[in-house]
>>> print(open('start_17.txt').read())   # compact mmCIF, C-alpha atoms and all ligand atoms
# COMPACT_ATOMS: atom_id res chain seq x y z
CA MET K 1 -59.81 94.20 144.88
CA THR K 2 -62.12 97.21 145.00
CA LEU K 3 -62.25 99.46 141.93
CA LYS K 4 -62.18 103.06 143.17
CA PHE K 5 -64.25 105.49 141.10
CA GLY K 6 -64.02 109.23 140.57
CA VAL K 7 -67.32 110.65 139.24
CA ILE K 8 -67.51 113.64 136.87
CA GLY K 9 -71.09 114.98 136.84
CA THR K 10 -73.47 114.36 139.73
CA GLY K 11 -76.76 115.03 137.93
CA ALA K 12 -79.56 112.55 137.24
CA ILE K 13 -77.65 109.56 135.87
CA GLY K 14 -74.47 110.35 137.86
CA ARG K 15 -76.44 109.87 141.07
CA GLU K 16 -78.17 106.74 139.75
CA HIS K 17 -74.77 105.18 139.00
CA ILE K 18 -73.31 106.35 142.35
CA LYS K 19 -76.25 104.68 144.09
CA ARG K 20 -75.93 101.38 142.23
CA ILE K 21 -72.13 101.19 142.73
CA THR K 22 -72.52 102.02 146.43
CA ASP K 23 -75.59 99.98 147.38
CA LYS K 24 -76.17 97.30 144.80
CA LEU K 25 -73.17 96.16 142.78
CA ALA K 26 -70.09 94.32 144.05
CA GLY K 27 -66.48 95.49 143.94
CA GLY K 28 -66.71 99.25 143.43
CA LYS K 29 -66.49 102.33 145.64
CA ILE K 30 -66.89 106.07 144.99
CA VAL K 31 -63.80 107.90 146.31
CA ALA K 32 -63.97 111.23 144.44
CA VAL K 33 -66.59 113.46 142.81
CA THR K 34 -66.72 116.69 140.84
CA ASP K 35 -69.37 118.72 139.05
CA VAL K 36 -69.24 122.15 137.37
CA ASN K 37 -71.94 122.92 139.91
CA LEU K 38 -69.94 122.18 143.09
CA ASP K 39 -73.07 122.30 145.25
CA SER K 40 -74.41 119.35 143.28
CA ALA K 41 -71.20 117.37 144.02
CA LYS K 42 -71.49 118.22 147.73
CA GLN K 43 -75.16 117.20 147.80
CA ALA K 44 -74.34 113.86 146.15
CA VAL K 45 -71.68 113.14 148.79
CA GLU K 46 -74.20 113.90 151.56
CA GLN K 47 -77.09 112.09 149.90
CA TYR K 48 -75.19 108.80 149.65
CA SER K 49 -72.95 109.30 152.75
CA LEU K 50 -69.85 108.91 150.59
CA ASP K 51 -66.32 108.95 151.94
CA ALA K 52 -65.17 110.88 148.86
CA THR K 53 -62.96 113.85 148.02
CA ILE K 54 -64.77 116.70 146.27
CA TYR K 55 -62.67 118.19 143.46
CA GLU K 56 -63.09 121.59 141.84
CA ASP K 57 -62.46 120.19 138.36
CA ASP K 58 -62.20 117.00 136.34
CA GLN K 59 -58.44 117.25 135.75
CA ALA K 60 -57.65 117.27 139.47
CA LEU K 61 -60.03 114.34 139.99
CA CYS K 62 -58.37 112.31 137.22
CA GLN K 63 -54.92 112.93 138.70
CA ASP K 64 -55.95 111.62 142.17
CA GLU K 65 -53.80 108.50 142.77
CA ASN K 66 -56.62 106.96 144.76
CA VAL K 67 -58.87 106.93 141.64
CA ASP K 68 -58.64 103.74 139.51
CA ALA K 69 -61.55 104.49 137.15
CA VAL K 70 -63.40 107.63 136.08
CA LEU K 71 -67.19 107.64 135.63
CA VAL K 72 -68.20 110.37 133.16
CA THR K 73 -71.81 111.47 133.67
CA SER K 74 -71.47 115.15 132.88
CA TRP K 75 -73.55 116.55 130.03
CA GLY K 76 -72.70 115.34 126.52
CA PRO K 77 -70.58 118.28 125.25
CA ALA K 78 -68.20 117.88 128.23
CA HIS K 79 -67.54 114.16 127.69
CA GLU K 80 -64.70 114.45 125.18
CA GLN K 81 -62.47 116.55 127.45
CA ASN K 82 -63.44 114.51 130.54
CA VAL K 83 -62.44 111.26 128.79
CA LEU K 84 -59.20 112.72 127.34
CA ASN K 85 -58.21 113.87 130.84
CA ALA K 86 -58.87 110.38 132.22
CA ILE K 87 -56.81 108.71 129.45
CA GLU K 88 -54.01 111.25 129.98
CA ALA K 89 -53.93 110.19 133.64
CA GLY K 90 -53.91 106.49 132.55
CA LYS K 91 -57.27 105.78 134.21
CA TYR K 92 -60.01 103.40 133.12
CA VAL K 93 -63.09 105.33 132.07
CA PHE K 94 -66.76 104.50 131.84
CA CYS K 95 -68.36 107.29 129.77
CA GLU K 96 -72.09 107.78 129.43
CA LYS K 97 -73.26 108.23 125.84
CA PRO K 98 -72.38 110.10 123.71
CA LEU K 99 -68.63 109.48 123.86
CA ALA K 100 -68.27 112.80 122.03
CA THR K 101 -70.70 115.06 120.22
CA THR K 102 -68.73 114.98 116.93
CA ALA K 103 -66.89 112.32 114.93
CA GLU K 104 -63.66 114.36 115.19
CA GLY K 105 -64.01 114.43 118.98
CA ALA K 106 -64.57 110.67 119.16
CA MET K 107 -61.56 110.10 116.87
CA ARG K 108 -59.36 112.19 119.21
CA ILE K 109 -60.35 109.80 122.01
CA VAL K 110 -59.65 106.72 119.85
CA GLN K 111 -56.20 108.10 119.00
CA ALA K 112 -55.40 108.96 122.62
CA GLU K 113 -56.43 105.47 123.74
CA MET K 114 -54.35 103.78 121.02
CA LYS K 115 -51.37 105.98 121.97
CA HIS K 116 -51.79 104.85 125.57
CA GLY K 117 -51.50 101.30 124.18
CA LYS K 118 -54.24 99.57 126.17
CA LYS K 119 -58.05 99.70 126.18
CA LEU K 120 -59.31 101.95 128.95
CA VAL K 121 -62.69 103.19 127.70
CA GLN K 122 -66.20 101.72 127.87
CA VAL K 123 -69.20 103.69 126.54
CA GLY K 124 -72.57 103.51 128.35
CA PHE K 125 -74.51 101.86 125.53
CA MET K 126 -76.44 99.78 128.03
CA ARG K 127 -78.97 98.32 125.60
CA ARG K 128 -76.41 95.69 124.57
CA TYR K 129 -76.82 94.40 128.14
CA ASP K 130 -80.65 94.48 128.14
CA PRO K 131 -82.08 90.93 128.29
CA GLY K 132 -84.67 91.75 125.60
CA TYR K 133 -82.11 93.00 123.07
CA VAL K 134 -79.85 90.03 123.91
CA GLN K 135 -82.76 87.66 123.14
CA LEU K 136 -83.39 89.47 119.85
CA LYS K 137 -79.70 89.25 118.89
CA ASN K 138 -79.53 85.55 119.76
CA ALA K 139 -82.57 84.90 117.54
CA ILE K 140 -81.03 86.82 114.61
CA ASP K 141 -77.61 85.19 115.03
CA ALA K 142 -79.26 81.74 115.19
CA ASN K 143 -80.99 82.54 111.85
CA GLU K 144 -84.43 82.08 113.41
CA ILE K 145 -86.03 84.74 111.16
CA GLY K 146 -83.64 84.34 108.22
CA GLU K 147 -81.76 87.28 106.73
CA PRO K 148 -82.93 90.61 108.23
CA LEU K 149 -84.44 92.86 105.54
CA MET K 150 -86.04 95.72 107.47
CA VAL K 151 -86.14 97.11 111.01
CA ARG K 152 -88.84 99.30 112.55
CA CYS K 153 -88.20 100.99 115.84
CA VAL K 154 -89.63 103.58 118.15
CA HIS K 155 -87.96 105.74 120.84
CA ARG K 156 -90.55 107.76 122.74
CA ASN K 157 -90.04 109.92 125.83
CA PRO K 158 -93.02 111.46 127.65
CA GLU K 159 -91.48 114.95 127.62
CA VAL K 160 -88.13 116.78 127.46
CA PRO K 161 -86.86 120.05 129.01
CA GLU K 162 -86.57 123.37 127.12
CA THR K 163 -82.81 122.75 126.81
CA TYR K 164 -83.44 119.74 124.52
CA GLY K 165 -83.08 120.88 120.90
CA THR K 166 -83.70 119.30 117.47
CA GLU K 167 -80.14 117.87 117.16
CA MET K 168 -80.47 116.11 120.51
CA ALA K 169 -83.14 113.88 119.00
CA VAL K 170 -80.29 112.11 117.22
CA VAL K 171 -77.18 112.92 119.31
CA ASP K 172 -78.77 112.18 122.68
CA THR K 173 -81.75 109.94 121.95
CA LEU K 174 -81.45 108.03 118.63
CA VAL K 175 -77.80 107.34 119.50
CA HIS K 176 -79.04 104.35 121.55
CA GLU K 177 -80.67 102.82 118.43
CA ILE K 178 -77.64 103.73 116.32
CA ASP K 179 -75.40 101.71 118.62
CA VAL K 180 -77.64 98.76 119.33
CA LEU K 181 -78.97 98.19 115.79
CA HIS K 182 -75.68 97.71 113.94
CA TRP K 183 -74.63 95.33 116.72
CA LEU K 184 -77.97 93.52 116.43
CA ILE K 185 -77.93 92.99 112.66
CA ASN K 186 -74.14 92.71 112.21
CA ASP K 187 -73.98 95.39 109.53
CA ASP K 188 -72.62 98.92 109.00
CA TYR K 189 -74.58 102.03 108.10
CA LYS K 190 -74.31 103.46 104.60
CA SER K 191 -76.66 106.45 104.52
CA VAL K 192 -79.28 108.33 106.48
CA GLN K 193 -82.23 110.59 105.78
CA VAL K 194 -84.45 112.53 108.20
CA LEU K 195 -88.14 113.38 107.71
CA TYR K 196 -90.21 115.70 109.85
CA PRO K 197 -93.87 114.70 110.26
CA LYS K 198 -96.45 117.17 111.53
CA LYS K 199 -95.06 118.79 114.71
CA THR K 200 -96.70 118.02 118.04
CA SER K 201 -98.19 121.05 119.80
CA ARG K 202 -96.38 119.85 122.97
CA ALA K 203 -92.87 120.52 121.56
CA HIS K 204 -91.30 123.88 122.44
CA ALA K 205 -90.50 126.38 119.68
CA GLY K 206 -86.87 125.27 119.11
CA LEU K 207 -87.60 121.56 118.77
CA LYS K 208 -88.82 119.58 115.76
CA ASP K 209 -90.68 116.63 117.21
CA PRO K 210 -91.41 113.89 116.15
CA GLN K 211 -88.71 112.89 113.63
CA ILE K 212 -88.40 109.86 111.34
CA ILE K 213 -84.88 108.71 110.63
CA ILE K 214 -84.27 106.27 107.77
CA LEU K 215 -80.97 104.44 107.91
CA GLU K 216 -79.71 102.16 105.15
CA THR K 217 -77.00 99.59 105.83
CA LYS K 218 -74.22 98.43 103.53
CA SER K 219 -76.09 95.16 102.78
CA GLY K 220 -79.31 97.11 101.99
CA ILE K 221 -81.33 96.69 105.21
CA ILE K 222 -83.65 99.68 105.71
CA ILE K 223 -84.24 100.88 109.27
CA ASN K 224 -87.18 103.13 109.96
CA ALA K 225 -86.73 104.81 113.34
CA GLU K 226 -89.18 107.15 115.04
CA VAL K 227 -87.99 109.57 117.73
CA PHE K 228 -90.88 111.25 119.55
CA VAL K 229 -89.80 112.90 122.78
CA ASN K 230 -93.06 114.60 123.75
CA CYS K 231 -95.30 111.59 123.29
CA HIS K 232 -96.87 112.35 126.66
CA TYR K 233 -98.13 108.85 127.46
CA GLY K 234 -94.92 107.11 128.61
CA TYR K 235 -91.35 105.95 127.95
CA ASP K 236 -91.74 103.50 125.11
CA ILE K 237 -88.99 101.61 123.29
CA GLN K 238 -89.96 99.25 120.48
CA CYS K 239 -88.00 97.28 117.92
CA GLU K 240 -89.18 94.88 115.23
CA VAL K 241 -86.80 93.03 112.91
CA ILE K 242 -88.37 91.72 109.72
CA GLY K 243 -86.48 88.80 108.20
CA GLU K 244 -86.89 86.57 105.13
CA ASP K 245 -88.48 83.79 107.21
CA GLY K 246 -90.20 85.67 110.02
CA VAL K 247 -90.38 88.66 112.33
CA ALA K 248 -88.83 89.10 115.80
CA TYR K 249 -89.92 91.71 118.35
CA LEU K 250 -88.10 93.27 121.29
CA PRO K 251 -89.98 91.88 124.32
CA GLU K 252 -92.12 94.41 126.20
CA PRO K 253 -90.97 94.88 129.82
CA ALA K 254 -92.88 92.59 132.19
CA SER K 255 -95.96 94.30 133.56
CA LEU K 256 -99.00 93.20 135.54
CA VAL K 257 -102.16 92.66 133.50
CA THR K 258 -105.42 93.65 135.18
CA ARG K 259 -109.06 93.15 134.30
CA LYS K 260 -111.25 95.74 135.99
CA SER K 261 -114.28 97.91 135.23
CA ALA K 262 -114.69 96.38 131.78
CA GLN K 263 -111.05 97.11 130.93
CA LEU K 264 -108.13 94.80 130.18
CA SER K 265 -105.02 96.86 131.00
CA GLN K 266 -101.31 96.88 131.43
CA SER K 267 -99.19 99.86 132.49
CA ILE K 268 -96.48 101.53 130.40
CA MET K 269 -93.30 102.80 132.06
CA THR K 270 -92.60 106.52 132.15
CA ASP K 271 -88.93 106.74 133.17
CA TRP K 272 -85.73 105.66 131.38
CA LYS K 273 -84.13 104.97 134.79
CA VAL K 274 -86.61 102.15 135.36
CA ARG K 275 -86.96 100.82 131.80
CA PHE K 276 -83.29 99.80 131.55
CA ILE K 277 -82.51 99.37 135.24
CA ASP K 278 -81.17 95.82 134.87
CA ALA K 279 -79.05 96.77 131.86
CA TYR K 280 -77.39 99.65 133.79
CA ASP K 281 -76.58 97.26 136.63
CA VAL K 282 -75.13 94.60 134.34
CA GLU K 283 -73.06 97.03 132.20
CA LEU K 284 -71.35 98.59 135.23
CA GLN K 285 -70.81 95.23 136.94
CA ASP K 286 -69.27 93.94 133.69
CA PHE K 287 -67.02 97.03 133.52
CA MET K 288 -65.70 96.33 137.03
CA ASP K 289 -65.43 92.55 136.64
CA SER K 290 -63.63 92.60 133.31
CA ILE K 291 -61.08 95.16 134.53
CA LYS K 292 -60.36 92.88 137.48
CA GLN K 293 -60.29 89.67 135.44
CA ILE K 294 -58.63 90.67 132.16
CA GLY K 295 -57.23 94.12 132.88
CA GLU K 296 -59.47 95.98 130.42
CA PRO K 297 -63.16 96.82 129.96
CA ASN K 298 -65.13 94.32 127.89
CA GLY K 299 -68.15 96.41 126.80
CA PRO K 300 -68.80 98.90 123.97
CA THR K 301 -65.47 100.48 123.03
CA ALA K 302 -64.28 103.94 122.06
CA TRP K 303 -64.51 102.65 118.46
CA ASP K 304 -68.23 101.96 119.03
CA GLY K 305 -68.47 105.53 120.34
CA TYR K 306 -66.76 106.70 117.13
CA ILE K 307 -69.19 104.74 114.90
CA ALA K 308 -72.09 106.34 116.79
CA ALA K 309 -70.60 109.82 116.45
CA VAL K 310 -69.97 109.49 112.68
CA THR K 311 -73.56 108.31 112.29
CA THR K 312 -75.07 111.06 114.44
CA ASP K 313 -72.99 113.64 112.51
CA ALA K 314 -74.53 112.31 109.27
CA CYS K 315 -78.00 112.43 110.88
CA VAL K 316 -77.49 116.09 111.91
CA LYS K 317 -76.38 116.87 108.35
CA ALA K 318 -79.48 115.10 107.04
CA GLN K 319 -81.70 117.00 109.50
CA ASN K 320 -80.45 120.24 107.95
CA SER K 321 -80.22 119.23 104.28
CA GLY K 322 -83.37 117.14 103.95
CA GLN K 323 -81.23 114.89 101.72
CA LYS K 324 -79.83 111.38 102.04
CA GLU K 325 -76.37 111.74 103.62
CA ASP K 326 -73.48 109.25 103.61
CA VAL K 327 -72.16 107.63 106.75
CA ALA K 328 -68.40 107.51 106.08
CA LEU K 329 -66.42 105.49 108.61
CA GLU K 330 -62.65 105.24 108.75
CA GLU K 331 -61.13 101.74 108.57
CA LYS K 332 -61.33 99.98 111.94
CA PRO K 333 -57.87 99.86 113.57
CA ALA K 334 -56.59 96.38 114.50
CA PHE K 335 -56.35 97.67 118.09
CA TYR K 336 -60.17 97.33 118.33
CA ASP K 337 -60.43 93.93 116.60
CA ASN K 338 -59.68 91.62 119.45
CA LYS K 339 -62.20 91.63 122.18
CA ALA K 340 -60.80 89.92 125.23
CA ALA K 341 -63.27 87.42 126.71
CA VAL K 342 -64.20 87.56 130.38
CA ASN K 343 -63.24 84.26 132.08
P1 LIG C 1 -77.81 115.98 134.21
O1 LIG C 1 -77.94 117.32 133.59
O2 LIG C 1 -78.82 115.56 135.20
O3 LIG C 1 -76.43 115.85 134.88
C1 LIG C 1 -75.26 116.30 134.30
C2 LIG C 1 -74.37 116.82 135.38
O4 LIG C 1 -73.09 117.07 134.86
C3 LIG C 1 -74.86 118.09 135.97
O5 LIG C 1 -74.86 117.99 137.36
C4 LIG C 1 -73.84 119.11 135.49
O6 LIG C 1 -73.66 120.14 136.41
C5 LIG C 1 -72.62 118.26 135.33
N1 LIG C 1 -71.65 118.70 134.40
C6 LIG C 1 -71.85 119.18 133.17
N2 LIG C 1 -70.70 119.48 132.61
C7 LIG C 1 -69.76 119.16 133.48
C8 LIG C 1 -68.36 119.23 133.44
N3 LIG C 1 -67.71 119.71 132.40
N4 LIG C 1 -67.68 118.82 134.50
C9 LIG C 1 -68.32 118.33 135.55
N5 LIG C 1 -69.65 118.25 135.64
C10 LIG C 1 -70.36 118.64 134.61
O7 LIG C 1 -77.74 114.97 133.01
P2 LIG C 1 -78.03 113.44 133.00
O8 LIG C 1 -79.44 113.19 132.59
O9 LIG C 1 -77.52 112.85 134.23
O10 LIG C 1 -77.15 112.98 131.77
C11 LIG C 1 -75.77 112.89 131.90
C12 LIG C 1 -75.23 112.04 130.79
O11 LIG C 1 -75.76 110.78 130.87
C13 LIG C 1 -75.54 112.53 129.41
O12 LIG C 1 -74.44 112.35 128.58
C14 LIG C 1 -76.67 111.67 128.96
O13 LIG C 1 -76.66 111.51 127.57
C15 LIG C 1 -76.35 110.40 129.68
N6 LIG C 1 -77.52 109.67 129.97
C16 LIG C 1 -77.57 108.37 129.59
C17 LIG C 1 -78.68 107.65 129.80
C18 LIG C 1 -78.73 106.26 129.36
O14 LIG C 1 -79.81 105.72 129.21
N7 LIG C 1 -77.59 105.65 129.13
C19 LIG C 1 -79.86 108.18 130.45
C20 LIG C 1 -79.67 109.54 130.87
C21 LIG C 1 -78.54 110.23 130.61
P1 LIG C 2 -77.88 115.98 134.22
O1 LIG C 2 -77.99 117.34 133.61
O2 LIG C 2 -78.88 115.57 135.22
O3 LIG C 2 -76.49 115.84 134.90
C1 LIG C 2 -75.33 116.30 134.31
C2 LIG C 2 -74.42 116.81 135.39
O4 LIG C 2 -73.15 117.07 134.85
C3 LIG C 2 -74.89 118.08 136.00
O5 LIG C 2 -74.88 117.96 137.38
C4 LIG C 2 -73.88 119.10 135.51
O6 LIG C 2 -73.69 120.14 136.43
C5 LIG C 2 -72.67 118.25 135.33
N1 LIG C 2 -71.69 118.71 134.39
C6 LIG C 2 -71.89 119.18 133.18
N2 LIG C 2 -70.75 119.48 132.61
C7 LIG C 2 -69.81 119.14 133.46
C8 LIG C 2 -68.40 119.20 133.42
N3 LIG C 2 -67.75 119.66 132.36
N4 LIG C 2 -67.71 118.76 134.45
C9 LIG C 2 -68.36 118.28 135.51
N5 LIG C 2 -69.68 118.21 135.61
C10 LIG C 2 -70.40 118.63 134.61
O7 LIG C 2 -77.83 114.98 133.01
P2 LIG C 2 -78.10 113.46 132.99
O8 LIG C 2 -79.52 113.19 132.62
O9 LIG C 2 -77.56 112.86 134.22
O10 LIG C 2 -77.24 113.02 131.75
C11 LIG C 2 -75.88 112.99 131.84
C12 LIG C 2 -75.33 112.13 130.75
O11 LIG C 2 -75.85 110.85 130.84
C13 LIG C 2 -75.64 112.62 129.37
O12 LIG C 2 -74.54 112.44 128.55
C14 LIG C 2 -76.75 111.74 128.93
O13 LIG C 2 -76.75 111.55 127.55
C15 LIG C 2 -76.43 110.48 129.65
N6 LIG C 2 -77.62 109.71 129.94
C16 LIG C 2 -77.64 108.44 129.54
C17 LIG C 2 -78.76 107.68 129.76
C18 LIG C 2 -78.81 106.29 129.31
O14 LIG C 2 -79.90 105.77 129.17
N7 LIG C 2 -77.68 105.66 129.11
C19 LIG C 2 -79.84 108.23 130.41
C20 LIG C 2 -79.75 109.56 130.84
C21 LIG C 2 -78.62 110.27 130.58
C1 LIG C 3 -81.42 110.41 127.65
O1 LIG C 3 -80.18 111.06 127.72
C2 LIG C 3 -81.23 108.95 127.51
O2 LIG C 3 -80.19 108.45 127.28
C3 LIG C 3 -82.49 108.19 127.49
O3 LIG C 3 -82.25 106.81 127.45
C4 LIG C 3 -83.24 108.64 126.26
O4 LIG C 3 -84.48 107.97 126.18
C5 LIG C 3 -83.47 110.14 126.29
O5 LIG C 3 -84.13 110.53 125.10
C6 LIG C 3 -82.15 110.89 126.42
O6 LIG C 3 -82.39 112.26 126.48
>>> encode(input="start_17.txt", output="structure tokens")
Amino acid sequence: MTLKFGVIGTGAIGREHIKRITDKLAGGKIVAVTDVNLDSAKQAVEQYSLDATIYEDDQALCQDENVDAVLVTSWGPAHEQNVLNAIEAGKYVFCEKPLATTAEGAMRIVQAEMKHGKKLVQVGFMRRYDPGYVQLKNAIDANEIGEPLMVRCVHRNPEVPETYGTEMAVVDTLVHEIDVLHWLINDDYKSVQVLYPKKTSRAHAGLKDPQIIILETKSGIIINAEVFVNCHYGYDIQCEVIGEDGVAYLPEPASLVTRKSAQLSQSIMTDWKVRFIDAYDVELQDFMDSIKQIGEPNGPTAWDGYIAAVTTDACVKAQNSGQKEDVALEEKPAFYDNKAAVN
């Protein structure tokens, strides 16, 4: 069985996912596309020689009977309505992060999915599929470093466009750490505080960069996360978990080491598309395979999207108040307790 996708948003990551579903992964096909910029949708169809219907809006795309699953790769503020339209049409939906830009928005999706009665939604938190993070999680779960006490992490981008504002540092960028870290250390967030170090001269006027975000978990683990999106030198993701018995590091991506002209060197990646390329492949393949095998997606759920949104809301509040802010989650509904296993 081929899973037929309708794509909402044919920008940077929309095209990356179209390409991998069309050329690389097994069992999926793009049959419909839309973008608020219709020219972009038309270009994507031409670029990848797709046999796909171009729709004027997301609602019409979701209602297409030929579409089994909707891929949401529009910009963040559009995701909530895109996903609600897909659920309304009873379609599976793979939504790039963030699921919604507010906790209330994410909760509306959770409620719509529960009302539908079956899991339809997977959120694009691809780091859970990255081999390095999986190794780190296995080490923590196997108690190799003892109880985790502290985490230090770094999320650096070489540069960002003028449209990237201070809030996006948490809603668009830190959201990856927010999702992967609570999964990694099996704990929930309790509070968050944001500090602003000296601003880089490379950040535009409306952006505070870098930022330090301090998250505390319910068991007392302190996470110190740096977001620095004009670091200039590369795309650099680091994570170090300090436990009672030892320390575990996220492996650096494999890279050739050279010795030349009295220098020992290794290159650093510059592009998110390349840094997590395997994880994007595996997450989308898993989405397709689990729908075929167990009738529902098996990856990060709408509830994970809700946890991320509550936490980013608290981070935005902390950005503005300068104070420690609470992360207040609703009780997890039983609907999200049982994770079906892929055979
Ligand atoms: P982009 O700006 O290149 O593309 C977004 C596209 O969506 C544009 O073509 C825009 O015209 C279209 N669009 C916006 N609103 C729309 C709407 N309401 N209906 C239909 N089309 C709409 O952005 P990019 O970089 O592709 O990011 C898209 C999403 O993917 C974002 O949510 C971003 O957070 C996420 N993303 C995730 C990454 C990851 O590592 N998982 C990496 C990059 C982006
Ligand atoms: P982009 O700006 O390149 O593309 C977004 C596209 O969506 C644009 O073509 C835009 O016209 C279209 N669009 C916006 N609103 C729309 C709407 N309501 N309906 C239809 N189309 C709409 O952005 P991008 O870099 O591709 O990012 C898109 C999403 O992917 C963002 O949510 C971003 O956070 C996420 N993203 C995730 C990762 C990741 O590592 N998982 C990486 C990059 C982007
Ligand atoms: C982008 O949307 C992503 O998701 C990238 O992974 C992240 O590094 C970047 O900061 C975001 O803007």
>>> atom_distance(input="start_17.txt", atom1="atom CA of K:Asp326", atom2="atom CA of K:Lys190")
5.9 Å
>>> residues_around(input="start_17.txt", residues="K:Ala169", least_positions_apart="4", cutoff="8 Å", atoms="only C-alpha atoms", output="list in words")
Gly165, Thr173, Leu174, Gln211, Val227 and Val229 of chain K
>>> closest_residue(input="start_17.txt", among="K:Leu195, K:Ala78, K:Val121, K:Ala225", to="K:Thr102", atoms="all atoms listed in the file")
K:Ala78
>>> closest_residue(input="start_17.txt", among="K:Glu240, K:Asp172, K:Asp187, K:Asp286", to="K:Asp313", atoms="all atoms listed in the file")
K:Asp172
>>> atom_distance(input="start_17.txt", atom1="atom CA of K:Ile268", atom2="atom O2 of ligand LIG 3 (chain C)")
18.0 Å
>>> closest_residue(input="start_17.txt", among="K:Val180, K:Val194, K:Leu25, K:Ile185", to="K:Val241", atoms="only C-alpha atoms")
K:Ile185
>>> closest_atom_pairs(input="start_17.txt", of="chain K", to="ligand LIG 2 (chain C)", cutoff="7 Å", atoms="only C-alpha atoms and all ligand atoms", output="tab-separated table")
residue	atom	partner	partner_atom	distance
K:Ile8	CA	C:LIG2	C9	4.9
K:Gly9	CA	C:LIG2	O4	3.5
K:Thr10	CA	C:LIG2	O5	4.5
K:Gly11	CA	C:LIG2	O3	3.1
K:Ala12	CA	C:LIG2	O9	3.6
K:Ile13	CA	C:LIG2	O9	3.7
K:Gly14	CA	C:LIG2	O9	5.4
K:Thr34	CA	C:LIG2	C9	5.8
K:Asp35	CA	C:LIG2	N5	3.5
K:Val36	CA	C:LIG2	N5	4.3
K:Asn37	CA	C:LIG2	O6	4.8
K:Ser40	CA	C:LIG2	O5	6.1
K:Asp57	CA	C:LIG2	N4	6.7
K:Asp58	CA	C:LIG2	N4	6.1
K:Thr73	CA	C:LIG2	C12	4.6
K:Ser74	CA	C:LIG2	O4	3.2
K:Trp75	CA	C:LIG2	C6	4.4
K:Gly76	CA	C:LIG2	O12	4.0
K:Ala78	CA	C:LIG2	N3	4.5
K:Asn82	CA	C:LIG2	N3	7.0
K:Glu96	CA	C:LIG2	O11	5.1
K:Lys97	CA	C:LIG2	O13	5.1
K:Pro98	CA	C:LIG2	O12	5.8
K:Gly124	CA	C:LIG2	N7	5.6
K:Phe125	CA	C:LIG2	N7	6.1
K:Met126	CA	C:LIG2	N7	6.1
K:Asp172	CA	C:LIG2	O13	5.3
K:Trp272	CA	C:LIG2	O14	6.2
K:Lys273	CA	C:LIG2	C19	6.9
>>> atom_distance(input="start_17.txt", atom1="atom CA of K:Thr2", atom2="atom CA of K:Asp337")
28.6 Å
>>> closest_residue(input="start_17.txt", among="K:Ile237, K:Leu3, K:Leu184, K:Ile222", to="ligand LIG 1 (chain C)", atoms="all atoms listed in the file")
K:Ile237
>>> residues_around(input="start_17.txt", residues="K:Val274", least_positions_apart="5", cutoff="12 Å", atoms="all atoms listed in the file", output="tab-separated table (two decimals) with C-alpha atoms, keeping the file's coordinate frame")
chain	number	residue	atom	x	y	z
K	13	ILE	CA	-77.65	109.56	135.87
K	16	GLU	CA	-78.17	106.74	139.75
K	234	GLY	CA	-94.92	107.11	128.61
K	235	TYR	CA	-91.35	105.95	127.95
K	236	ASP	CA	-91.74	103.50	125.11
K	253	PRO	CA	-90.97	94.88	129.82
K	254	ALA	CA	-92.88	92.59	132.19
K	268	ILE	CA	-96.48	101.53	130.40
K	269	MET	CA	-93.30	102.80	132.06
K	279	ALA	CA	-79.05	96.77	131.86
K	280	TYR	CA	-77.39	99.65	133.79
K	281	ASP	CA	-76.58	97.26	136.63
